Amino acid sequence: MSAPAIDPVRTPVTASPAAHSAGKQRTTPARFDTALGWSDRPGLAWALRVLLCVLALGVFAAPFVTVFSGSFSEKASGSTLSFLPHHPSLLNFEVAGERGIWDYFGNSLVIAGGGLLLQLVVCTLAAYALARHKFRGQALILTLFMLTMMLPEEVIAIPLSLVLGHVPVVGLDLKGTVWGVILPLGAWGFSVMVLTEFMKDIPAEIEEAARIDGVGELRMLWQVILPLCKPALGVAGVLGFIMIWDQYLLPLIAAKDPTDYTVTVALSILRTDPEVGSGVVLAGAVIALIPSLIVYLLLQRSLVTGIAAGATKG
């Protein structure tokens, strides 16, 4: 009987150092490697891109710089482009405070805080039901949420005013209260869509393992699903706050008295006041701009991460 043939031992082929360096050069990105092909080597293309970036920065930053400059100028003009305040003074902010801008600012903070909290709770629960459970009419419900984004505020202004004046079933009059502004903002189709699509990407194995350990629905949502949805919550939080803060028509129709107005409505009042100048209006605009900037700066990393996760989905 002949002995079985033994395959010769195959020695692994070691790549040459040149091949390693070539592969490293191919896979290592450049210092300024971007989708636009940015390069750190000086040249005509590099100079053109720098010029375009400076122009874009000027277009977007010039209005903000002008607003800040005019708010601190003693005699500001809304039609003059100025990057430095003329005769710096806080007089515009003092006049705006005398006109009640800080009271309106407080109303906006209460409405934005309460509205955002309610919106995140409602949208998170709705997104969890749509993403992690299957039931009849699921696509129809998601479509209805999307339809809320397609209706202009002017279309629903009169019906909403009638509903707020006499809420069906309970018969309450919510006009003149913060609830008249907060409750209509409780559900936003954009937040539902973002959270739903993000929750769909969470592996089912994680949920199955938690259910084996006896985890219920609320604990599943709070301890398992939400920690994995922080980027999506950041997107919903930043954009939801800005959306609520910038509301103009809803606080206007829900108010019974001028003291119920928000800071966005107060800016229009200052603009039509013949006794104040452009500097006071610009000072009010700066006051109204600060909370949005703070929220964005605090949550910008979650916002960018959430948008990037949505862009690379699938």
# chains A, B, ... in the order shown; residues from 1 in each chain; ligands from 1

$ residues_around --residues "Phe72 of chain A" --least-positions-apart "2" --cutoff "7 Å" --atoms "only C-alpha atoms" --output "list of chain:residue names"
A:Phe68, A:Ser69, A:Gly70, A:Glu74, A:Pro85, A:Pro88, A:Ser89, A:Leu90, A:Asn92

$ residues_around --residues "Ala266 of chain A" --least-positions-apart "4" --cutoff "9 Å" --atoms "only C-alpha atoms" --output "list in words"
Gly100, Ile101, Tyr104, Phe105, Pro258, Tyr261, Thr262, Leu270, Arg271 and Gly284 of chain A

$ write_last_selection --atoms "all heavy atoms" --output "tab-separated table (two decimals), in the first residue's frame"
chain	number	residue	atom	x	y	z
A	100	GLY	N	-40.24	95.86	27.24
A	100	GLY	CA	-40.72	94.55	27.68
A	100	GLY	C	-40.13	93.37	26.95
A	100	GLY	O	-40.71	92.27	26.98
A	101	ILE	N	-38.96	93.56	26.32
A	101	ILE	CA	-38.39	92.47	25.54
A	101	ILE	C	-38.02	91.27	26.42
A	101	ILE	O	-38.12	90.12	25.99
A	101	ILE	CB	-37.15	92.97	24.76
A	101	ILE	CG1	-36.69	91.94	23.73
A	101	ILE	CG2	-36.02	93.31	25.71
A	101	ILE	CD1	-37.64	91.75	22.61
A	104	TYR	N	-41.10	89.09	27.11
A	104	TYR	CA	-41.37	88.26	25.94
A	104	TYR	C	-40.34	87.14	25.82
A	104	TYR	O	-40.67	86.01	25.43
A	104	TYR	CB	-41.35	89.11	24.67
A	104	TYR	CG	-42.37	90.23	24.67
A	104	TYR	CD1	-41.99	91.54	24.35
A	104	TYR	CD2	-43.71	89.99	24.96
A	104	TYR	CE1	-42.91	92.57	24.34
A	104	TYR	CE2	-44.64	91.01	24.95
A	104	TYR	CZ	-44.23	92.30	24.64
A	104	TYR	OH	-45.16	93.32	24.63
A	105	PHE	N	-39.10	87.46	26.16
A	105	PHE	CA	-38.04	86.46	26.13
A	105	PHE	C	-38.33	85.32	27.12
A	105	PHE	O	-38.12	84.15	26.81
A	105	PHE	CB	-36.71	87.13	26.47
A	105	PHE	CG	-35.51	86.22	26.37
A	105	PHE	CD1	-34.93	85.94	25.15
A	105	PHE	CD2	-34.96	85.65	27.52
A	105	PHE	CE1	-33.83	85.11	25.07
A	105	PHE	CE2	-33.86	84.83	27.44
A	105	PHE	CZ	-33.28	84.56	26.21
A	258	PRO	N	-51.31	91.31	24.63
A	258	PRO	CA	-49.93	91.49	24.18
A	258	PRO	C	-48.89	90.94	25.14
A	258	PRO	O	-47.77	90.62	24.73
A	258	PRO	CB	-49.81	93.01	24.03
A	258	PRO	CG	-51.19	93.47	23.73
A	258	PRO	CD	-52.09	92.57	24.53
A	261	TYR	N	-47.34	87.49	24.21
A	261	TYR	CA	-46.52	87.33	23.01
A	261	TYR	C	-45.15	86.76	23.35
A	261	TYR	O	-44.66	86.87	24.48
A	261	TYR	CB	-46.34	88.67	22.29
A	261	TYR	CG	-47.59	89.20	21.65
A	261	TYR	CD1	-47.72	90.55	21.35
A	261	TYR	CD2	-48.65	88.36	21.33
A	261	TYR	CE1	-48.86	91.07	20.76
A	261	TYR	CE2	-49.80	88.86	20.74
A	261	TYR	CZ	-49.91	90.21	20.45
A	261	TYR	OH	-51.03	90.70	19.87
A	262	THR	N	-44.53	86.16	22.33
A	262	THR	CA	-43.15	85.67	22.44
A	262	THR	C	-42.20	86.71	21.86
A	262	THR	O	-42.62	87.74	21.32
A	262	THR	CB	-42.99	84.34	21.70
A	262	THR	OG1	-43.35	84.52	20.33
A	262	THR	CG2	-43.88	83.26	22.32
A	270	LEU	N	-41.70	95.95	17.90
A	270	LEU	CA	-40.63	96.96	17.96
A	270	LEU	C	-40.40	97.60	16.58
A	270	LEU	O	-40.11	98.79	16.48
A	270	LEU	CB	-39.34	96.32	18.46
A	270	LEU	CG	-39.26	95.95	19.94
A	270	LEU	CD1	-37.94	95.25	20.23
A	270	LEU	CD2	-39.41	97.19	20.81
A	271	ARG	N	-40.53	96.80	15.56
A	271	ARG	CA	-40.26	97.32	14.21
A	271	ARG	C	-41.31	98.35	13.79
A	271	ARG	O	-41.00	99.27	13.03
A	271	ARG	CB	-40.25	96.15	13.22
A	271	ARG	CG	-39.82	96.51	11.82
A	271	ARG	CD	-39.67	95.26	10.97
A	271	ARG	NE	-39.27	95.60	9.61
A	271	ARG	CZ	-40.13	95.90	8.64
A	271	ARG	NH1	-41.43	95.90	8.89
A	271	ARG	NH2	-39.70	96.19	7.43
A	284	GLY	N	-33.04	93.69	19.93
A	284	GLY	CA	-34.00	92.62	20.17
A	284	GLY	C	-33.70	91.38	19.36
A	284	GLY	O	-33.88	90.25	19.83

$ closest_residue --among "A:Phe60, A:Trp102, A:Phe93, A:Phe190" --to "Phe145 of chain A" --atoms "only C-alpha atoms"
A:Phe190

$ residues_around --residues "Leu125 of chain A" --least-positions-apart "4" --cutoff "12 Å" --atoms "only C-alpha atoms" --output "JSON, numbers by chain"
{"A": [118, 119, 120, 121, 129, 130, 131, 132, 133, 186, 187, 191, 192, 195, 196, 199, 217, 218, 220, 221, 222, 225, 226]}

$ atom_distance --atom1 "atom CA of Tyr248 of chain A" --atom2 "atom CA of Ser161 of chain A"
13.8 Å

$ closest_residue --among "A:Lys200, A:His166, A:His86, A:Arg211" --to "Leu228 of chain A" --atoms "only C-alpha atoms"
A:Lys200

$ residues_around --residues "Val238 of chain A" --least-positions-apart "2" --cutoff "10 Å" --atoms "only C-alpha atoms" --output "VMD selection string"
chain A and resid 116 233 to 236 240 to 243 292 to 293 295 to 300 302 to 303

$ write_last_selection --atoms "N, CA, C and O atoms" --output "short mmCIF file (atom, residue, chain, number, x, y, z; two decimals), in the first residue's frame"
data_model
loop_
_atom_site.label_atom_id
_atom_site.label_comp_id
_atom_site.auth_asym_id
_atom_site.auth_seq_id
_atom_site.Cartn_x
_atom_site.Cartn_y
_atom_site.Cartn_z
N LEU A 116 -40.49 71.63 23.55
CA LEU A 116 -39.48 70.68 23.11
C LEU A 116 -39.53 69.39 23.93
O LEU A 116 -39.40 68.29 23.38
N LEU A 233 -31.53 61.86 18.53
CA LEU A 233 -32.13 62.76 19.51
C LEU A 233 -31.49 64.14 19.45
O LEU A 233 -32.15 65.16 19.67
N GLY A 234 -30.18 64.19 19.16
CA GLY A 234 -29.51 65.48 19.00
C GLY A 234 -30.06 66.26 17.82
O GLY A 234 -30.31 67.47 17.92
N VAL A 235 -30.28 65.57 16.71
CA VAL A 235 -30.87 66.23 15.53
C VAL A 235 -32.27 66.74 15.84
O VAL A 235 -32.62 67.89 15.54
N ALA A 236 -33.09 65.86 16.44
CA ALA A 236 -34.47 66.26 16.76
C ALA A 236 -34.49 67.38 17.79
O ALA A 236 -35.36 68.27 17.73
N GLY A 240 -35.77 70.84 16.52
CA GLY A 240 -37.05 71.06 17.18
C GLY A 240 -37.06 72.34 17.99
O GLY A 240 -38.05 73.09 17.97
N PHE A 241 -35.97 72.62 18.70
CA PHE A 241 -35.90 73.86 19.47
C PHE A 241 -35.95 75.07 18.56
O PHE A 241 -36.66 76.05 18.85
N ILE A 242 -35.20 75.04 17.47
CA ILE A 242 -35.19 76.18 16.55
C ILE A 242 -36.57 76.38 15.93
O ILE A 242 -37.04 77.51 15.76
N MET A 243 -37.23 75.27 15.59
CA MET A 243 -38.57 75.37 15.01
C MET A 243 -39.55 76.01 15.99
O MET A 243 -40.35 76.89 15.61
N SER A 292 -30.78 80.19 20.37
CA SER A 292 -30.56 79.26 19.26
C SER A 292 -29.08 78.96 19.08
O SER A 292 -28.70 77.80 18.84
N LEU A 293 -28.24 79.97 19.21
CA LEU A 293 -26.79 79.75 19.10
C LEU A 293 -26.28 78.86 20.22
O LEU A 293 -25.44 77.98 20.00
N VAL A 295 -27.94 76.57 22.00
CA VAL A 295 -28.41 75.19 21.79
C VAL A 295 -27.61 74.52 20.68
O VAL A 295 -27.21 73.35 20.80
N TYR A 296 -27.36 75.25 19.60
CA TYR A 296 -26.59 74.65 18.51
C TYR A 296 -25.16 74.33 18.94
O TYR A 296 -24.63 73.26 18.63
N LEU A 297 -24.51 75.25 19.66
CA LEU A 297 -23.13 75.02 20.07
C LEU A 297 -23.03 73.86 21.06
O LEU A 297 -22.05 73.12 21.05
N LEU A 298 -24.03 73.70 21.91
CA LEU A 298 -24.00 72.61 22.89
C LEU A 298 -24.25 71.26 22.24
O LEU A 298 -23.72 70.24 22.69
N LEU A 299 -25.08 71.21 21.19
CA LEU A 299 -25.49 69.94 20.59
C LEU A 299 -24.98 69.78 19.17
O LEU A 299 -25.48 68.93 18.44
N GLN A 300 -24.00 70.57 18.76
CA GLN A 300 -23.56 70.50 17.37
C GLN A 300 -22.92 69.15 17.04
O GLN A 300 -23.07 68.64 15.93
N SER A 302 -23.71 66.17 18.31
CA SER A 302 -24.79 65.21 18.09
C SER A 302 -25.51 65.49 16.77
O SER A 302 -25.92 64.55 16.07
N LEU A 303 -25.65 66.77 16.42
CA LEU A 303 -26.31 67.12 15.17
C LEU A 303 -25.52 66.62 13.97
O LEU A 303 -26.07 65.98 13.07
#

$ select_by_dssp --residues "segment 60-198 of chain A" --states "helix (DSSP H, G or I)" --output "PyMOL selection string"
chain A and resi 60-71+91-98+101-132+138-147+153-165+179-185+189-198

$ closest_residue --among "A:Ala285, A:Val178, A:Met146, A:Val122" --to "Lys256 of chain A" --atoms "only C-alpha atoms"
A:Val178

$ closest_residue --among "A:Ala112, A:Ile269, A:Asp260, A:Leu117" --to "Asp246 of chain A" --atoms "only C-alpha atoms"
A:Ala112

$ residues_around --residues "Met149 of chain A" --least-positions-apart "5" --cutoff "10 Å" --atoms "only C-alpha atoms" --output "PyMOL selection string"
chain A and resi 144+188-190

$ atom_distance --atom1 "atom CA of Glu98 of chain A" --atom2 "atom CA of Ile111 of chain A"
22.1 Å

$ closest_residue --among "A:Val167, A:Ala61, A:Ile206, A:Ala232" --to "Ala127 of chain A" --atoms "only C-alpha atoms"
A:Ala232

$ atom_distance --atom1 "atom CA of Gly97 of chain A" --atom2 "atom CA of Leu267 of chain A"
12.2 Å

$ closest_residue --among "A:Arg136, A:Arg301, A:His87, A:Arg49" --to "Lys75 of chain A" --atoms "only C-alpha atoms"
A:His87
